[in-house]
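Structure file structure_21.pdb; described as PDB, C-alpha atoms and all ligand atoms.
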ATOM      1  CA  MET A   1    -119.301-202.025 -23.402
ATOM      2  CA  SER A   2    -118.583-205.631 -24.270
ATOM      3  CA  LEU A   3    -116.030-205.972 -27.013
ATOM      4  CA  PRO A   4    -117.516-206.589 -30.460
ATOM      5  CA  GLY A   5    -116.453-209.680 -32.397
ATOM      6  CA  ARG A   6    -114.566-207.825 -35.117
ATOM      7  CA  ILE A   7    -112.066-205.121 -34.173
ATOM      8  CA  ALA A   8    -110.095-203.206 -36.811
ATOM      9  CA  VAL A   9    -106.645-201.846 -35.907
ATOM     10  CA  THR A  10    -104.844-199.153 -37.909
ATOM     11  CA  GLY A  11    -101.053-199.110 -37.821
ATOM     12  CA  ALA A  12    -101.277-202.878 -37.457
ATOM     13  CA  ALA A  13     -97.598-203.396 -38.350
ATOM     14  CA  GLY A  14     -96.390-200.907 -35.729
ATOM     15  CA  ARG A  15     -95.366-201.410 -32.105
ATOM     16  CA  LEU A  16     -98.758-200.859 -30.514
ATOM     17  CA  GLY A  17    -100.800-201.983 -33.524
ATOM     18  CA  SER A  18     -99.117-205.387 -33.717
ATOM     19  CA  ALA A  19     -99.558-205.840 -29.949
ATOM     20  CA  LEU A  20    -103.256-204.968 -30.280
ATOM     21  CA  VAL A  21    -103.711-207.463 -33.095
ATOM     22  CA  ALA A  22    -102.095-210.162 -30.931
ATOM     23  CA  ALA A  23    -104.165-209.223 -27.862
ATOM     24  CA  ILE A  24    -107.428-209.286 -29.832
ATOM     25  CA  ALA A  25    -106.518-212.610 -31.448
ATOM     26  CA  GLY A  26    -105.650-214.039 -28.026
ATOM     27  CA  ARG A  27    -109.094-213.443 -26.562
ATOM     28  CA  ASP A  28    -112.144-215.647 -26.973
ATOM     29  CA  GLY A  29    -114.762-214.197 -29.274
ATOM     30  CA  THR A  30    -112.760-211.354 -30.823
ATOM     31  CA  THR A  31    -111.103-211.303 -34.226
ATOM     32  CA  PRO A  32    -108.590-208.644 -35.266
ATOM     33  CA  ILE A  33    -108.877-206.947 -38.632
ATOM     34  CA  PRO A  34    -105.371-205.585 -39.203
ATOM     35  CA  TRP A  35    -105.143-202.416 -41.279
ATOM     36  CA  THR A  36    -101.574-201.806 -42.319
ATOM     37  CA  ARG A  37    -100.596-198.959 -44.609
ATOM     38  CA  ALA A  38    -101.682-201.174 -47.554
ATOM     39  CA  GLU A  39    -105.280-201.368 -46.260
ATOM     40  CA  TRP A  40    -105.631-197.738 -45.193
ATOM     41  CA  ASP A  41    -103.127-194.944 -45.705
ATOM     42  CA  LEU A  42    -103.036-191.769 -43.619
ATOM     43  CA  ASP A  43    -102.322-189.968 -46.893
ATOM     44  CA  ARG A  44    -105.553-191.301 -48.460
ATOM     45  CA  SER A  45    -107.704-191.109 -45.366
ATOM     46  CA  ALA A  46    -111.033-190.573 -47.159
ATOM     47  CA  ASP A  47    -110.878-194.293 -48.002
ATOM     48  CA  ALA A  48    -111.873-195.052 -44.393
ATOM     49  CA  ALA A  49    -115.618-195.303 -45.060
ATOM     50  CA  GLY A  50    -115.140-197.790 -47.915
ATOM     51  CA  ARG A  51    -112.767-199.890 -45.851
ATOM     52  CA  ILE A  52    -115.171-200.006 -42.900
ATOM     53  CA  GLY A  53    -117.980-200.945 -45.280
ATOM     54  CA  ALA A  54    -115.913-203.819 -46.687
ATOM     55  CA  ASP A  55    -114.557-205.141 -43.373
ATOM     56  CA  ARG A  56    -117.557-204.435 -41.094
ATOM     57  CA  PRO A  57    -115.705-204.023 -37.767
ATOM     58  CA  GLY A  58    -117.713-203.293 -34.614
ATOM     59  CA  LEU A  59    -114.889-201.142 -33.186
ATOM     60  CA  LEU A  60    -111.877-199.413 -34.680
ATOM     61  CA  ILE A  61    -108.639-198.765 -32.770
ATOM     62  CA  HIS A  62    -106.538-196.054 -34.401
ATOM     63  CA  ALA A  63    -102.886-196.787 -33.610
ATOM     64  CA  ALA A  64    -101.418-195.485 -36.893
ATOM     65  CA  ALA A  65     -99.674-192.128 -36.784
ATOM     66  CA  TRP A  66     -96.714-190.288 -38.192
ATOM     67  CA  THR A  67     -94.560-190.968 -35.119
ATOM     68  CA  ASP A  68     -91.332-189.478 -36.475
ATOM     69  CA  VAL A  69     -91.308-186.481 -34.118
ATOM     70  CA  ASP A  70     -88.330-184.853 -35.818
ATOM     71  CA  GLY A  71     -89.972-185.345 -39.239
ATOM     72  CA  CYS A  72     -93.124-183.705 -37.872
ATOM     73  CA  ALA A  73     -91.010-180.737 -36.692
ATOM     74  CA  ARG A  74     -89.566-180.314 -40.180
ATOM     75  CA  GLU A  75     -92.937-180.712 -41.973
ATOM     76  CA  PRO A  76     -95.669-179.523 -39.570
ATOM     77  CA  GLU A  77     -98.367-179.264 -42.265
ATOM     78  CA  LEU A  78     -97.843-182.871 -43.264
ATOM     79  CA  ALA A  79     -97.949-183.814 -39.559
ATOM     80  CA  MET A  80    -101.330-182.081 -39.240
ATOM     81  CA  ALA A  81    -102.704-183.868 -42.300
ATOM     82  CA  ARG A  82    -101.542-187.290 -41.136
ATOM     83  CA  ASN A  83    -102.148-187.064 -37.393
ATOM     84  CA  ALA A  84    -105.181-184.765 -37.289
ATOM     85  CA  GLY A  85    -106.918-184.708 -40.680
ATOM     86  CA  ALA A  86    -106.851-188.491 -41.072
ATOM     87  CA  THR A  87    -108.106-188.996 -37.500
ATOM     88  CA  GLY A  88    -111.069-186.739 -38.247
ATOM     89  CA  GLU A  89    -111.858-188.721 -41.418
ATOM     90  CA  LEU A  90    -111.750-191.937 -39.443
ATOM     91  CA  ALA A  91    -114.066-190.530 -36.746
ATOM     92  CA  ALA A  92    -116.580-189.388 -39.358
ATOM     93  CA  ALA A  93    -116.496-192.803 -41.033
ATOM     94  CA  CYS A  94    -116.992-194.570 -37.677
ATOM     95  CA  ALA A  95    -119.900-192.240 -36.855
ATOM     96  CA  ALA A  96    -121.541-192.965 -40.205
ATOM     97  CA  ALA A  97    -121.111-196.716 -39.682
ATOM     98  CA  GLY A  98    -122.368-196.541 -36.085
ATOM     99  CA  ILE A  99    -119.229-198.005 -34.494
ATOM    100  CA  GLY A 100    -116.948-196.962 -31.640
ATOM    101  CA  LEU A 101    -113.437-195.514 -32.057
ATOM    102  CA  VAL A 102    -110.314-195.569 -29.908
ATOM    103  CA  VAL A 103    -107.791-192.822 -30.743
ATOM    104  CA  VAL A 104    -104.282-193.313 -29.368
ATOM    105  CA  SER A 105    -102.634-190.039 -28.394
ATOM    106  CA  THR A 106     -99.582-188.861 -26.515
ATOM    107  CA  ASN A 107     -98.163-187.234 -23.386
ATOM    108  CA  GLU A 108     -96.657-184.680 -25.779
ATOM    109  CA  VAL A 109     -99.957-182.744 -25.735
ATOM    110  CA  PHE A 110     -98.601-181.300 -22.441
ATOM    111  CA  ASP A 111     -95.735-178.807 -22.263
ATOM    112  CA  GLY A 112     -93.857-180.764 -19.580
ATOM    113  CA  GLU A 113     -93.093-177.677 -17.506
ATOM    114  CA  ARG A 114     -94.716-179.122 -14.380
ATOM    115  CA  THR A 115     -92.374-179.155 -11.376
ATOM    116  CA  ASP A 116     -94.534-180.509  -8.519
ATOM    117  CA  GLY A 117     -93.614-184.145  -9.237
ATOM    118  CA  ARG A 118     -97.186-185.146 -10.099
ATOM    119  CA  GLY A 119     -98.336-186.645 -13.362
ATOM    120  CA  TYR A 120    -100.558-184.764 -15.782
ATOM    121  CA  ALA A 121    -104.257-185.590 -15.350
ATOM    122  CA  GLU A 122    -106.648-185.869 -18.276
ATOM    123  CA  ASP A 123    -108.208-182.458 -17.661
ATOM    124  CA  ASP A 124    -104.980-180.542 -17.079
ATOM    125  CA  PRO A 125    -104.362-177.739 -19.569
ATOM    126  CA  VAL A 126    -102.773-178.917 -22.805
ATOM    127  CA  ALA A 127     -99.992-176.916 -24.479
ATOM    128  CA  PRO A 128     -97.922-178.940 -26.931
ATOM    129  CA  ARG A 129     -94.379-177.689 -27.407
ATOM    130  CA  ASN A 130     -93.651-179.393 -30.732
ATOM    131  CA  ALA A 131     -95.366-180.100 -34.067
ATOM    132  CA  TYR A 132     -95.926-183.780 -33.286
ATOM    133  CA  GLY A 133     -97.743-182.939 -30.034
ATOM    134  CA  ALA A 134     -99.751-180.206 -31.760
ATOM    135  CA  SER A 135    -100.807-182.593 -34.540
ATOM    136  CA  LYS A 136    -101.831-185.308 -32.065
ATOM    137  CA  LEU A 137    -103.835-182.806 -30.011
ATOM    138  CA  ALA A 138    -105.545-181.603 -33.185
ATOM    139  CA  GLY A 139    -106.305-185.271 -33.913
ATOM    140  CA  GLU A 140    -108.003-185.644 -30.511
ATOM    141  CA  ARG A 141    -110.084-182.563 -31.252
ATOM    142  CA  ALA A 142    -110.963-183.642 -34.787
ATOM    143  CA  ALA A 143    -112.126-187.024 -33.477
ATOM    144  CA  THR A 144    -114.216-185.369 -30.772
ATOM    145  CA  ALA A 145    -115.799-182.982 -33.286
ATOM    146  CA  ARG A 146    -116.699-185.675 -35.823
ATOM    147  CA  ALA A 147    -117.445-188.715 -33.619
ATOM    148  CA  GLY A 148    -120.936-190.142 -33.409
ATOM    149  CA  GLY A 149    -122.578-191.342 -30.221
ATOM    150  CA  HIS A 150    -121.166-194.847 -30.393
ATOM    151  CA  GLY A 151    -118.191-194.468 -28.077
ATOM    152  CA  LEU A 152    -114.991-192.434 -28.410
ATOM    153  CA  TRP A 153    -112.004-193.315 -26.244
ATOM    154  CA  ILE A 154    -108.947-191.047 -26.377
ATOM    155  CA  VAL A 155    -106.006-192.866 -24.798
ATOM    156  CA  ARG A 156    -102.838-190.868 -24.140
ATOM    157  CA  THR A 157     -99.681-192.835 -23.522
ATOM    158  CA  ALA A 158     -95.897-192.336 -23.478
ATOM    159  CA  TRP A 159     -92.522-193.932 -24.202
ATOM    160  CA  VAL A 160     -93.908-197.037 -25.944
ATOM    161  CA  TYR A 161     -91.517-199.884 -26.755
ATOM    162  CA  GLY A 162     -91.901-203.386 -28.120
ATOM    163  CA  PRO A 163     -91.414-205.283 -31.375
ATOM    164  CA  PRO A 164     -91.175-205.290 -34.335
ATOM    165  CA  ALA A 165     -88.787-202.328 -34.793
ATOM    166  CA  ALA A 166     -85.892-201.417 -32.505
ATOM    167  CA  ALA A 167     -87.164-199.092 -29.769
ATOM    168  CA  PHE A 168     -85.328-197.231 -26.982
ATOM    169  CA  PRO A 169     -84.037-200.367 -25.169
ATOM    170  CA  GLU A 170     -82.557-201.855 -28.345
ATOM    171  CA  LYS A 171     -81.098-198.498 -29.419
ATOM    172  CA  ILE A 172     -79.419-198.065 -26.019
ATOM    173  CA  VAL A 173     -77.767-201.493 -26.248
ATOM    174  CA  ALA A 174     -76.641-200.783 -29.820
ATOM    175  CA  ALA A 175     -75.250-197.356 -28.833
ATOM    176  CA  ALA A 176     -73.355-198.866 -25.888
ATOM    177  CA  ASP A 177     -71.885-201.520 -28.156
ATOM    178  CA  ARG A 178     -70.473-198.830 -30.453
ATOM    179  CA  LEU A 179     -68.478-197.172 -27.633
ATOM    180  CA  PRO A 180     -64.879-198.055 -26.742
ATOM    181  CA  ALA A 181     -64.619-200.372 -23.733
ATOM    182  CA  GLY A 182     -64.988-198.565 -20.420
ATOM    183  CA  GLU A 183     -66.520-195.394 -21.866
ATOM    184  CA  PRO A 184     -69.876-194.512 -20.273
ATOM    185  CA  LEU A 185     -72.895-193.936 -22.511
ATOM    186  CA  PRO A 186     -74.180-190.331 -22.413
ATOM    187  CA  VAL A 187     -77.984-190.289 -21.841
ATOM    188  CA  VAL A 188     -80.437-187.449 -21.210
ATOM    189  CA  ALA A 189     -81.145-187.065 -17.480
ATOM    190  CA  ASP A 190     -83.672-184.195 -17.487
ATOM    191  CA  GLU A 191     -86.480-185.779 -19.525
ATOM    192  CA  HIS A 192     -88.939-187.863 -17.505
ATOM    193  CA  GLY A 193     -91.697-190.271 -18.459
ATOM    194  CA  SER A 194     -93.017-193.793 -17.985
ATOM    195  CA  PRO A 195     -91.603-196.541 -20.213
ATOM    196  CA  THR A 196     -94.617-198.453 -21.505
ATOM    197  CA  ARG A 197     -94.587-201.947 -22.966
ATOM    198  CA  ALA A 198     -96.791-202.178 -26.063
ATOM    199  CA  GLY A 199     -98.256-205.548 -25.033
ATOM    200  CA  ASP A 200     -99.284-204.213 -21.613
ATOM    201  CA  LEU A 201    -100.817-201.134 -23.207
ATOM    202  CA  ALA A 202    -102.787-203.181 -25.735
ATOM    203  CA  ALA A 203    -104.374-205.298 -22.983
ATOM    204  CA  ALA A 204    -105.174-202.172 -20.947
ATOM    205  CA  ILE A 205    -106.843-200.462 -23.919
ATOM    206  CA  LEU A 206    -109.149-203.450 -24.449
ATOM    207  CA  ALA A 207    -109.989-203.524 -20.726
ATOM    208  CA  LEU A 208    -110.749-199.812 -20.774
ATOM    209  CA  VAL A 209    -113.188-200.194 -23.667
ATOM    210  CA  GLU A 210    -114.922-202.983 -21.756
ATOM    211  CA  ARG A 211    -115.239-200.901 -18.594
ATOM    212  CA  SER A 212    -116.253-197.474 -19.845
ATOM    213  CA  PRO A 213    -118.592-195.929 -22.410
ATOM    214  CA  GLY A 214    -115.845-193.586 -23.640
ATOM    215  CA  GLY A 215    -113.795-190.588 -22.523
ATOM    216  CA  THR A 216    -110.185-189.430 -22.284
ATOM    217  CA  PHE A 217    -107.771-191.651 -20.339
ATOM    218  CA  HIS A 218    -104.075-191.850 -19.550
ATOM    219  CA  LEU A 219    -102.424-195.284 -19.727
ATOM    220  CA  THR A 220     -98.764-196.069 -19.099
ATOM    221  CA  ASN A 221     -96.889-198.657 -17.090
ATOM    222  CA  ALA A 222     -96.777-197.507 -13.451
ATOM    223  CA  GLY A 223     -93.980-195.347 -12.061
ATOM    224  CA  ALA A 224     -91.678-192.900 -13.797
ATOM    225  CA  THR A 225     -88.018-192.396 -14.548
ATOM    226  CA  SER A 226     -85.642-190.351 -16.676
ATOM    227  CA  ARG A 227     -84.200-191.443 -20.012
ATOM    228  CA  LEU A 228     -81.000-192.003 -18.002
ATOM    229  CA  GLY A 229     -82.806-194.247 -15.490
ATOM    230  CA  TRP A 230     -84.439-196.215 -18.285
ATOM    231  CA  ALA A 231     -81.107-196.680 -20.082
ATOM    232  CA  ALA A 232     -79.388-197.721 -16.836
ATOM    233  CA  ALA A 233     -82.060-200.380 -16.238
ATOM    234  CA  VAL A 234     -81.612-201.708 -19.787
ATOM    235  CA  LEU A 235     -77.824-201.851 -19.510
ATOM    236  CA  ALA A 236     -77.910-203.432 -16.028
ATOM    237  CA  ALA A 237     -79.808-206.339 -17.570
ATOM    238  CA  ARG A 238     -78.121-206.580 -20.963
ATOM    239  CA  ARG A 239     -74.656-205.002 -20.678
ATOM    240  CA  PRO A 240     -73.836-204.946 -16.935
ATOM    241  CA  GLU A 241     -70.227-203.944 -17.652
ATOM    242  CA  ARG A 242     -71.470-200.660 -19.144
ATOM    243  CA  SER A 243     -72.299-197.433 -17.285
ATOM    244  CA  VAL A 244     -74.230-194.269 -18.171
ATOM    245  CA  ARG A 245     -73.274-190.597 -17.962
ATOM    246  CA  PRO A 246     -75.909-187.852 -17.517
ATOM    247  CA  ILE A 247     -76.323-185.160 -20.168
ATOM    248  CA  GLY A 248     -79.001-182.469 -20.592
ATOM    249  CA  ARG A 249     -81.911-182.558 -23.037
ATOM    250  CA  HIS A 250     -80.427-179.631 -24.901
ATOM    251  CA  ASP A 251     -77.062-181.361 -25.324
ATOM    252  CA  PHE A 252     -78.815-183.912 -27.513
ATOM    253  CA  ARG A 253     -79.520-181.956 -30.705
ATOM    254  CA  ARG A 254     -82.762-182.802 -32.502
ATOM    255  CA  ALA A 255     -85.392-181.001 -34.570
ATOM    256  CA  SER A 256     -88.170-181.491 -32.011
ATOM    257  CA  ASP A 257     -88.282-180.426 -28.366
ATOM    258  CA  PRO A 258     -89.689-183.135 -26.068
ATOM    259  CA  PRO A 259     -91.468-182.224 -22.810
ATOM    260  CA  ALA A 260     -89.117-182.398 -19.802
ATOM    261  CA  TRP A 261     -91.813-183.825 -17.506
ATOM    262  CA  GLY A 262     -93.894-186.238 -19.571
ATOM    263  CA  VAL A 263     -95.380-188.230 -16.698
ATOM    264  CA  LEU A 264     -99.117-189.004 -16.858
ATOM    265  CA  ASP A 265    -101.512-189.519 -13.942
ATOM    266  CA  THR A 266    -103.305-192.795 -14.682
ATOM    267  CA  GLY A 267    -105.794-192.533 -11.806
ATOM    268  CA  ARG A 268    -108.907-192.263 -13.982
ATOM    269  CA  ALA A 269    -108.290-195.649 -15.608
ATOM    270  CA  ALA A 270    -107.213-197.137 -12.264
ATOM    271  CA  ALA A 271    -110.549-196.090 -10.752
ATOM    272  CA  LEU A 272    -112.171-198.380 -13.341
ATOM    273  CA  GLY A 273    -109.842-201.215 -12.339
ATOM    274  CA  VAL A 274    -107.487-200.764 -15.311
ATOM    275  CA  ARG A 275    -104.029-200.692 -13.740
ATOM    276  CA  MET A 276    -100.742-201.402 -15.441
ATOM    277  CA  ARG A 277     -97.780-202.987 -13.660
ATOM    278  CA  PRO A 278     -94.598-201.076 -12.736
ATOM    279  CA  TRP A 279     -92.400-200.180 -15.715
ATOM    280  CA  GLU A 280     -89.419-202.056 -14.216
ATOM    281  CA  GLU A 281     -91.346-205.370 -14.240
ATOM    282  CA  ALA A 282     -92.575-204.904 -17.787
ATOM    283  CA  LEU A 283     -89.080-203.973 -18.990
ATOM    284  CA  ALA A 284     -87.520-206.986 -17.251
ATOM    285  CA  GLU A 285     -89.959-209.274 -19.067
ATOM    286  CA  HIS A 286     -89.253-207.556 -22.392
ATOM    287  CA  LEU A 287     -85.496-207.925 -21.921
ATOM    288  CA  ARG A 288     -85.843-211.611 -20.978
ATOM    289  CA  GLY A 289     -87.992-212.183 -24.086
TER     290      GLY A 289
HETATM  291  N1  LIG B   1     -93.922-194.688 -29.506
HETATM  292  C1  LIG B   1     -94.192-193.876 -28.494
HETATM  293  O1  LIG B   1     -93.341-193.630 -27.645
HETATM  294  C2  LIG B   1     -95.548-193.244 -28.362
HETATM  295  C3  LIG B   1     -95.779-192.382 -27.289
HETATM  296  C4  LIG B   1     -97.027-191.791 -27.144
HETATM  297  C5  LIG B   1     -98.017-192.057 -28.069
HETATM  298  N2  LIG B   1     -97.775-192.871 -29.115
HETATM  299  C6  LIG B   1     -98.846-193.103 -30.076
HETATM  300  O2  LIG B   1     -99.130-194.483 -30.054
HETATM  301  C7  LIG B   1     -99.597-194.909 -31.335
HETATM  302  C8  LIG B   1     -98.811-196.112 -31.795
HETATM  303  O3  LIG B   1     -97.449-195.743 -31.957
HETATM  304  P1  LIG B   1     -96.309-196.848 -32.041
HETATM  305  O4  LIG B   1     -95.409-196.633 -30.903
HETATM  306  O5  LIG B   1     -96.896-198.194 -32.278
HETATM  307  O6  LIG B   1     -95.554-196.312 -33.339
HETATM  308  P2  LIG B   1     -95.028-197.055 -34.639
HETATM  309  O7  LIG B   1     -94.408-198.352 -34.286
HETATM  310  O8  LIG B   1     -94.236-196.001 -35.354
HETATM  311  O9  LIG B   1     -96.354-197.370 -35.441
HETATM  312  C9  LIG B   1     -97.037-196.403 -36.181
HETATM  313  C10 LIG B   1     -97.750-197.102 -37.295
HETATM  314  O10 LIG B   1     -98.347-196.090 -38.131
HETATM  315  C11 LIG B   1     -98.181-196.500 -39.452
HETATM  316  N3  LIG B   1     -98.138-195.404 -40.408
HETATM  317  C12 LIG B   1     -97.222-194.418 -40.524
HETATM  318  N4  LIG B   1     -97.493-193.657 -41.603
HETATM  319  C13 LIG B   1     -98.604-194.202 -42.170
HETATM  320  C14 LIG B   1     -99.377-193.870 -43.304
HETATM  321  N5  LIG B   1     -99.080-192.842 -44.100
HETATM  322  N6  LIG B   1    -100.470-194.626 -43.560
HETATM  323  C15 LIG B   1    -100.809-195.683 -42.783
HETATM  324  N7  LIG B   1    -100.107-196.053 -41.711
HETATM  325  C16 LIG B   1     -99.015-195.319 -41.416
HETATM  326  C17 LIG B   1     -96.847-197.193 -39.507
HETATM  327  O11 LIG B   1     -96.871-198.027 -40.639
HETATM  328  P3  LIG B   1     -95.548-198.672 -41.250
HETATM  329  O12 LIG B   1     -95.282-199.843 -40.349
HETATM  330  O13 LIG B   1     -95.944-199.073 -42.623
HETATM  331  O14 LIG B   1     -94.497-197.598 -41.218
HETATM  332  C18 LIG B   1     -96.844-197.941 -38.176
HETATM  333  O15 LIG B   1     -97.394-199.220 -38.330
HETATM  334  C19 LIG B   1     -99.474-193.663 -32.247
HETATM  335  O16 LIG B   1    -100.734-193.021 -32.291
HETATM  336  C20 LIG B   1     -98.500-192.782 -31.500
HETATM  337  O17 LIG B   1     -98.705-191.414 -31.811
HETATM  338  C21 LIG B   1     -96.562-193.481 -29.283
END
Write out the structure in this file as structure tokens.
Amino acid sequence: MSLPGRIAVTGAAGRLGSALVAAIAGRDGTTPIPWTRAEWDLDRSADAAGRIGADRPGLLIHAAAWTDVDGCAREPELAMARNAGATGELAAACAAAGIGLVVVSTNEVFDGERTDGRGYAEDDPVAPRNAYGASKLAGERAATARAGGHGLWIVRTAWVYGPPAAAFPEKIVAAADRLPAGEPLPVVADEHGSPTRAGDLAAAILALVERSPGGTFHLTNAGATSRLGWAAAVLAARRPERSVRPIGRHDFRRASDPPAWGVLDTGRAAALGVRMRPWEEALAEHLRG
């Protein structure tokens, strides 16, 4: 479909949300309607219909979520309410208003046990291994159940970084700076994914909406690496005197359990001409920025 003039974005102060607002503002003929927590709160999600009525968007992109995966593991019911219940409310409100909805979801809907080196395709069996993944999958299902016939795009992505808050690249530099000189930085080597720049993802989401009537899609920067490989690329650019040391996922204690193989097959979007550049190029631009 062609993009409508007014596009609302939830989570508009977040990494992806702020990139979407910028991408929408940067195009001719589209105006972003940013919804931060002040405009619409996941904890008061029934307000969605009133907000849509007041702002009259032609499309809503839902980038807000409770993204604290360890918090979700500690409070799974709250995770369900925020990441699934609120998504369902939003879908029902979009259906009632006759507008399309983009729901941003995650590679963590898959268990990550795959060992054949291929990325997960959209129709592969889902089996989240943590509360965050379960709540995001329930959000996909709630949106599907309550959406109208005006377009529903479910976009799964992974390892998103970008401003405004410190993300993995900034945390790696900060962690390296805290170590004594010469000591290598321990980084997880057995968790794989595709580092994805928020600005690249925002542009790809808009292109996908333009080129398809809806559906489930995977979008990440191209290629894949481990956390260790990602950290090494960051340090090579920003702290070349520093080195990394491999550790296992289970050496790094946390409340949630991330999938070991979180790589997504992005072929369905590519077949529509929506292709994202290699993660190394996007990261290099981010680090130059
Ligand atoms: N980051 C990743 O690696 C990753 C990977 C796969 C999928 N995703 C998905 O991508 C989307 C965007 O994530 P992101 O990386 O941009 O994360 P983010 O920077 O943490 O942004 C999430 C946004 O949600 C908002 N939010 C949190 N609780 C809220 C509440 N109760 N009411 C209203 N808004 C609330 C936050 O608002 P405040 O700014 O006020 O806190 C923030 O703006 C999410 O759906 C996420 O699940 C992310």
Minimum-distance residue to Ala207 (chain A), chosen among A:His286, A:Arg82, A:Arg239, A:Arg27 (using all atoms listed in the file):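 Checking each of A:His286, A:Arg82, A:Arg239, A:Arg27 against Ala207 (chain A), counting all atoms listed in the file, the winner is A:Arg27.
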Expected answer as a ChimeraX atom specification: residues within 8 Å of ligand LIG 1 (chain B), only C-alpha atoms and all ligand atoms: /A:10-18,36-38,40-44,62-68,82-83,103-108,136,156-161,164-165,196,198
Evaluate the PyMOL selection byres (((chain A and resi 116-128) around 9) and not hetatm) and report residues as a PyMOL selection string: chain A and resi 107-112+114-115+129-135+137+156+216-218+259+261-268
Just-selected residues, C-alpha atoms written as a compact mmCIF listing (two decimals), in the coordinates of the input:
# COMPACT_ATOMS: atom_id res chain seq x y z
CA ASN A 107 -98.16 -187.23 -23.39
CA GLU A 108 -96.66 -184.68 -25.78
CA VAL A 109 -99.96 -182.74 -25.74
CA PHE A 110 -98.60 -181.30 -22.44
CA ASP A 111 -95.74 -178.81 -22.26
CA GLY A 112 -93.86 -180.76 -19.58
CA ARG A 114 -94.72 -179.12 -14.38
CA THR A 115 -92.37 -179.16 -11.38
CA ARG A 129 -94.38 -177.69 -27.41
CA ASN A 130 -93.65 -179.39 -30.73
CA ALA A 131 -95.37 -180.10 -34.07
CA TYR A 132 -95.93 -183.78 -33.29
CA GLY A 133 -97.74 -182.94 -30.03
CA ALA A 134 -99.75 -180.21 -31.76
CA SER A 135 -100.81 -182.59 -34.54
CA LEU A 137 -103.84 -182.81 -30.01
CA ARG A 156 -102.84 -190.87 -24.14
CA THR A 216 -110.18 -189.43 -22.28
CA PHE A 217 -107.77 -191.65 -20.34
CA HIS A 218 -104.08 -191.85 -19.55
CA PRO A 259 -91.47 -182.22 -22.81
CA TRP A 261 -91.81 -183.82 -17.51
CA GLY A 262 -93.89 -186.24 -19.57
CA VAL A 263 -95.38 -188.23 -16.70
CA LEU A 264 -99.12 -189.00 -16.86
CA ASP A 265 -101.51 -189.52 -13.94
CA THR A 266 -103.30 -192.80 -14.68
CA GLY A 267 -105.79 -192.53 -11.81
CA ARG A 268 -108.91 -192.26 -13.98
Please provide as a JSON list (two decimals) with C-alpha atoms, in the coordinates of the input all residues within 10 Å of Ala204 (chain A), with the sequence filter that same-chain residues fewer than 5 positions apart are discarded (counting only C-alpha atoms).
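Wrote around_30.json, looks like this:
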[["chain", "number", "residue", "atom", "x", "y", "z"],
["A", 20, "LEU", "CA", -103.26, -204.97, -30.28],
["A", 23, "ALA", "CA", -104.16, -209.22, -27.86],
["A", 198, "ALA", "CA", -96.79, -202.18, -26.06],
["A", 199, "GLY", "CA", -98.26, -205.55, -25.03],
["A", 209, "VAL", "CA", -113.19, -200.19, -23.67],
["A", 210, "GLU", "CA", -114.92, -202.98, -21.76],
["A", 219, "LEU", "CA", -102.42, -195.28, -19.73],
["A", 220, "THR", "CA", -98.76, -196.07, -19.10],
["A", 221, "ASN", "CA", -96.89, -198.66, -17.09],
["A", 269, "ALA", "CA", -108.29, -195.65, -15.61],
["A", 273, "GLY", "CA", -109.84, -201.22, -12.34],
["A", 274, "VAL", "CA", -107.49, -200.76, -15.31],
["A", 275, "ARG", "CA", -104.03, -200.69, -13.74],
["A", 276, "MET", "CA", -100.74, -201.40, -15.44]]
Option closest in space to Gly151 (chain A), from A:Val21, A:Leu3, A:Ala167, A:Ile52 [counting all atoms listed in the file]: A:Leu3
Selected residue, from A:Asp200, A:Ala236, A:Glu241, A:Glu170, that lies nearest to Gly182 (chain A) when counting all atoms listed in the file: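 Smallest distance to Gly182 (chain A) is found for A:Glu241.
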Distance of CA of Glu39 (chain A) from CA of Leu101 (chain A), expressed in Å to one decimal place: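 Computing it gives 17.4 Å between the two atoms.
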All residues 12 Å or closer to Gly248 (chain A), only C-alpha atoms, same chain fewer than 2 positions away omitted, as a list in words: Pro186, Val187, Val188, Ala189, Asp190, Glu191, His192, Ser226, Arg227, Leu228, Arg245, Pro246, His250, Asp251, Phe252, Arg253 and Ala260 of chain A
Residue nearest Gly53 (chain A) among A:Val69, A:Ala19, A:Ala93, A:Ala224 (counting all atoms listed in the file):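 Checking each of A:Val69, A:Ala19, A:Ala93, A:Ala224 against Gly53 (chain A), counting all atoms listed in the file, the winner is A:Ala93.
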Contact residues around Asp28 (chain A) with all atoms listed in the file at 12 Å, ignoring same-chain residues under 4 positions, as a list in words: Leu3, Pro4, Gly5, Arg6, Ala23, Ile24 and Pro32 of chain A
Nearest to Ala84 (chain A), chosen from A:Glu140, A:Glu113, A:Asp70, A:Asp55, with all atoms listed in the file counted in the distances: A:Glu140
Distance of CA of Ala86 (chain A) from CA of Asp47 (chain A), expressed in Å to one decimal place: 9.9 Å
